[in-house]
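Just my_file.pdb here, PDB, C-alpha atoms, pLDDT in the B column:
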```pdb
ATOM      1  CA  ASP T   1      -8.286 -24.287   6.597  1.00 74.00           C
ATOM      2  CA  LEU T   2      -6.132 -24.348   3.509  1.00 84.00           C
ATOM      3  CA  ILE T   3      -7.498 -20.970   2.374  1.00 85.00           C
ATOM      4  CA  ASP T   4      -6.820 -19.487   5.830  1.00 81.00           C
ATOM      5  CA  TYR T   5      -3.260 -20.825   5.702  1.00 79.00           C
ATOM      6  CA  PHE T   6      -2.747 -19.372   2.227  1.00 79.00           C
ATOM      7  CA  LEU T   7      -4.060 -15.961   3.279  1.00 75.00           C
ATOM      8  CA  CYS T   8      -1.885 -16.025   6.394  1.00 75.00           C
ATOM      9  CA  MET T   9       1.209 -16.799   4.323  1.00 73.00           C
ATOM     10  CA  VAL T  10       0.442 -14.102   1.744  1.00 71.00           C
ATOM     11  CA  ILE T  11      -0.483 -11.374   4.204  1.00 70.00           C
ATOM     12  CA  ASP T  12       1.897 -12.077   7.090  1.00 69.00           C
ATOM     13  CA  TYR T  13       5.086 -13.098   5.277  1.00 69.00           C
ATOM     14  CA  SER T  14       4.891 -11.173   2.042  1.00 71.00           C
ATOM     15  CA  ASP T  15       4.771  -7.569   0.968  1.00 74.00           C
ATOM     16  CA  TRP T  16       2.976  -8.550  -2.239  1.00 78.00           C
ATOM     17  CA  PRO T  17      -0.406  -7.093  -1.124  1.00 79.00           C
ATOM     18  CA  LEU T  18       1.248  -3.750  -0.366  1.00 78.00           C
ATOM     19  CA  ARG T  19       2.928  -3.700  -3.748  1.00 81.00           C
ATOM     20  CA  ALA T  20      -0.408  -4.574  -5.353  1.00 84.00           C
ATOM     21  CA  VAL T  21      -2.089  -1.633  -3.605  1.00 82.00           C
ATOM     22  CA  SER T  22       0.689   0.710  -4.738  1.00 82.00           C
ATOM     23  CA  GLY T  23       0.455  -0.613  -8.280  1.00 85.00           C
ATOM     24  CA  ALA T  24      -3.322  -0.199  -8.291  1.00 86.00           C
ATOM     25  CA  GLY T  25      -2.889   3.377  -7.096  1.00 84.00           C
ATOM     26  CA  ALA T  26      -0.360   4.095  -9.838  1.00 85.00           C
ATOM     27  CA  LEU T  27      -2.662   2.617 -12.471  1.00 86.00           C
ATOM     28  CA  LEU T  28      -5.584   4.600 -11.113  1.00 84.00           C
ATOM     29  CA  SER T  29      -3.562   7.811 -11.217  1.00 83.00           C
ATOM     30  CA  LEU T  30      -2.433   7.139 -14.785  1.00 86.00           C
ATOM     31  CA  GLY T  31      -5.991   6.276 -15.749  1.00 86.00           C
ATOM     32  CA  SER T  32      -7.256   9.507 -14.245  1.00 83.00           C
ATOM     33  CA  PHE T  33      -4.652  11.428 -16.254  1.00 84.00           C
ATOM     34  CA  GLY T  34      -5.923   9.745 -19.418  1.00 88.00           C
ATOM     35  CA  THR T  35      -9.501  10.464 -18.367  1.00 84.00           C
ATOM     36  CA  ALA T  36      -8.602  14.104 -17.792  1.00 82.00           C
ATOM     37  CA  ILE T  37      -7.192  14.405 -21.298  1.00 86.00           C
ATOM     38  CA  PHE T  38     -10.254  12.675 -22.796  1.00 88.00           C
ATOM     39  CA  TYR T  39     -12.781  14.823 -20.936  1.00 82.00           C
ATOM     40  CA  LEU T  40     -10.781  17.985 -21.554  1.00 81.00           C
ATOM     41  CA  TYR T  41     -10.939  17.269 -25.266  1.00 88.00           C
ATOM     42  CA  ARG T  42     -14.693  16.605 -25.043  1.00 86.00           C
ATOM     43  CA  TRP T  43     -15.154  19.851 -23.081  1.00 81.00           C
ATOM     44  CA  MET T  44     -13.212  21.829 -25.700  1.00 84.00           C
ATOM     45  CA  VAL T  45     -15.355  20.343 -28.464  1.00 89.00           C
ATOM     46  CA  GLY T  46     -18.493  21.217 -26.496  1.00 82.00           C
ATOM     47  CA  ALA T  47     -19.781  17.678 -25.932  1.00 83.00           C
ATOM     48  CA  ILE T  48     -20.083  18.057 -22.129  1.00 77.00           C
ATOM     49  CA  GLY T  49     -22.977  20.120 -20.889  1.00 75.00           C
ATOM     50  CA  VAL T  50     -22.676  19.659 -17.111  1.00 79.00           C
ATOM     51  CA  ASP T  51     -20.465  22.237 -15.412  1.00 80.00           C
ATOM     52  CA  GLY T  52     -17.823  20.830 -13.065  1.00 84.00           C
ATOM     53  CA  PHE T  53     -18.225  17.181 -14.119  1.00 80.00           C
ATOM     54  CA  VAL T  54     -14.726  16.871 -15.548  1.00 78.00           C
ATOM     55  CA  THR T  55     -13.116  18.496 -12.530  1.00 83.00           C
ATOM     56  CA  ILE T  56     -14.870  16.263 -10.014  1.00 86.00           C
ATOM     57  CA  VAL T  57     -14.188  13.027 -11.910  1.00 80.00           C
ATOM     58  CA  VAL T  58     -10.513  13.786 -12.417  1.00 80.00           C
ATOM     59  CA  LEU T  59      -9.917  15.026  -8.865  1.00 86.00           C
ATOM     60  CA  ILE T  60     -11.619  12.074  -7.193  1.00 85.00           C
ATOM     61  CA  THR T  61      -9.823   9.424  -9.228  1.00 81.00           C
ATOM     62  CA  SER T  62      -6.394  11.051  -9.063  1.00 83.00           C
ATOM     63  CA  LEU T  63      -6.563  11.782  -5.332  1.00 86.00           C
ATOM     64  CA  PHE T  64      -7.760   8.254  -4.597  1.00 85.00           C
ATOM     65  CA  GLY T  65      -4.873   6.903  -6.649  1.00 84.00           C
ATOM     66  CA  PHE T  66      -2.390   9.025  -4.701  1.00 86.00           C
ATOM     67  CA  VAL T  67      -3.886   7.799  -1.418  1.00 87.00           C
ATOM     68  CA  LEU T  68      -3.432   4.180  -2.504  1.00 84.00           C
ATOM     69  CA  ILE T  69       0.170   4.832  -3.515  1.00 85.00           C
ATOM     70  CA  GLY T  70       0.832   6.471  -0.152  1.00 86.00           C
ATOM     71  CA  LEU T  71      -0.729   3.589   1.768  1.00 85.00           C
ATOM     72  CA  GLY T  72       1.414   1.110  -0.119  1.00 82.00           C
ATOM     73  CA  ILE T  73       4.595   3.072   0.592  1.00 84.00           C
ATOM     74  CA  ILE T  74       3.798   3.480   4.294  1.00 86.00           C
ATOM     75  CA  GLY T  75       2.922  -0.198   4.569  1.00 81.00           C
ATOM     76  CA  SER T  76       6.176  -1.208   2.886  1.00 79.00           C
ATOM     77  CA  TYR T  77       8.159   0.879   5.378  1.00 80.00           C
ATOM     78  CA  LEU T  78       6.267  -0.700   8.267  1.00 79.00           C
ATOM     79  CA  VAL T  79       6.925  -4.214   6.974  1.00 75.00           C
ATOM     80  CA  ARG T  80      10.622  -3.414   6.570  1.00 77.00           C
ATOM     81  CA  ALA T  81      10.816  -1.974  10.095  1.00 77.00           C
ATOM     82  CA  LEU T  82       9.035  -4.973  11.599  1.00 72.00           C
ATOM     83  CA  ARG T  83      11.327  -7.394   9.797  1.00 73.00           C
ATOM     84  CA  GLN T  84      14.455  -5.598  11.005  1.00 74.00           C
ATOM     85  CA  ASN T  85      13.187  -5.144  14.557  1.00 71.00           C
ATOM     86  CA  GLY T  86      11.205  -8.348  14.887  1.00 64.00           C
ATOM     87  CA  PRO T  87      10.551 -10.257  18.078  1.00 60.00           C
ATOM     88  CA  ASP T  88      13.961 -11.959  17.906  1.00 59.00           C
ATOM     89  CA  SER T  89      15.824  -8.674  18.256  1.00 57.00           C
ATOM     90  CA  PHE T  90      14.198  -7.871  21.605  1.00 57.00           C
ATOM     91  CA  VAL T  91      15.338 -11.053  23.348  1.00 56.00           C
ATOM     92  CA  THR T  92      18.811 -11.070  24.842  1.00 58.00           C
ATOM     93  CA  ILE T  93      20.290 -14.017  26.670  1.00 58.00           C
ATOM     94  CA  ARG T  94      22.785 -13.269  29.426  1.00 60.00           C
ATOM     95  CA  THR T  95      24.801 -15.611  31.537  1.00 62.00           C
ATOM     96  CA  CYS T  96      24.606 -14.817  35.226  1.00 64.00           C
ATOM     97  CA  ARG T  97      27.381 -15.285  37.731  1.00 63.00           C
ATOM     98  CA  ASN T  98      25.864 -18.554  38.900  1.00 63.00           C
ATOM     99  CA  GLY T  99      26.147 -20.022  35.381  1.00 61.00           C
ATOM    100  CA  ARG T 100      22.451 -20.009  34.518  1.00 63.00           C
ATOM    101  CA  SER T 101      21.030 -18.341  31.421  1.00 56.00           C
ATOM    102  CA  GLN T 102      18.575 -15.531  31.872  1.00 54.00           C
ATOM    103  CA  THR T 103      16.456 -13.848  29.204  1.00 54.00           C
ATOM    104  CA  ALA T 104      15.713 -10.152  29.376  1.00 49.00           C
TER     105      ALA T 104
END
```
So, in terms of structure tokens, how does the structure I just supplied come out?
Amino acid sequence: DLIDYFLCMVIDYSDWPLRAVSGAGALLSLGSFGTAIFYLYRWMVGAIGVDGFVTIVVLITSLFGFVLIGLGIIGSYLVRALRQNGPDSFVTIRTCRNGRSQTA
């Protein structure tokens, strides 16, 4: 129960997981850039014998990193929109002519 409560608090009331996903995507993209430089050097030296290996490795890691960054950004916008237009903003209380309160 305590673990469920912790996960609920972290996921529902925090944008920390979204920032973590964006940060992981940024690190993955930077890592793929470093990998591209490393494998490009090895290809120029002639140490890589498989054609297309460098291209596939670099493209997969960099594109996956960009996808993670995009998911984090979209999620952050959604969290911000939900916080601004939460359930409290949809409830209006009016006073009718008879003096009673009515919610709409």
Computed interatomic separation between CA of Gly72 in chain T and CA of Ala20 in chain T (Å):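 Those two atoms sit 7.9 Å apart.
Put simply, CA of Tyr39 in chain T is 6.1 Å away from CA of Val54 in chain T.
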When you look at Ser22 in chain T with a cut-off of 8 Å (counting all atoms listed in the file), what residues show up, excluding the ones that are within fewer than 6 positions of it in the same chain? I need them as a tab-separated table (two decimals) with C-alpha atoms, in the coordinates of the input.
```tsv
chain	number	residue	atom	x	y	z
T	68	LEU	CA	-3.43	4.18	-2.50
T	69	ILE	CA	0.17	4.83	-3.52
T	70	GLY	CA	0.83	6.47	-0.15
T	71	LEU	CA	-0.73	3.59	1.77
T	72	GLY	CA	1.41	1.11	-0.12
T	73	ILE	CA	4.60	3.07	0.59
```
Of the listed residues T:Ser76, T:Gln84, T:Ser29, T:Ser14, that which approaches Val58 in chain T most closely, counting only C-alpha atoms: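 Of T:Ser76, T:Gln84, T:Ser29, T:Ser14, the one nearest Val58 in chain T, counting only C-alpha atoms, is T:Ser29.
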Record the distance separating CA of Ile37 in chain T and CA of Phe64 in chain T, expressed in Å with one decimal.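 The value is 17.8 Å.
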Nearest to Gly65 in chain T: which of T:Ile3, T:Ile11, T:Ala81, T:Leu30 is it, counting all atoms listed in the file?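 Closest residue, counting all atoms listed in the file: T:Leu30.
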T:Asp1, T:Phe66, T:Thr55, T:Val50 ranked by distance to Leu27 in chain T, top pick (using all atoms listed in the file):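 Under the stated criterion, the closest residue is T:Phe66.
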Closest of T:Leu28, T:Gly23, T:Pro17, T:Tyr5 to Leu59 in chain T - atom-to-atom distances counting all atoms listed in the file: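 Ranked by minimum distance to Leu59 in chain T, first place goes to T:Leu28.
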Ranking T:Trp16, T:Ser62, T:Gly52, T:Met9 by minimum distance to Thr35 in chain T and counting only C-alpha atoms, which one comes first? T:Ser62
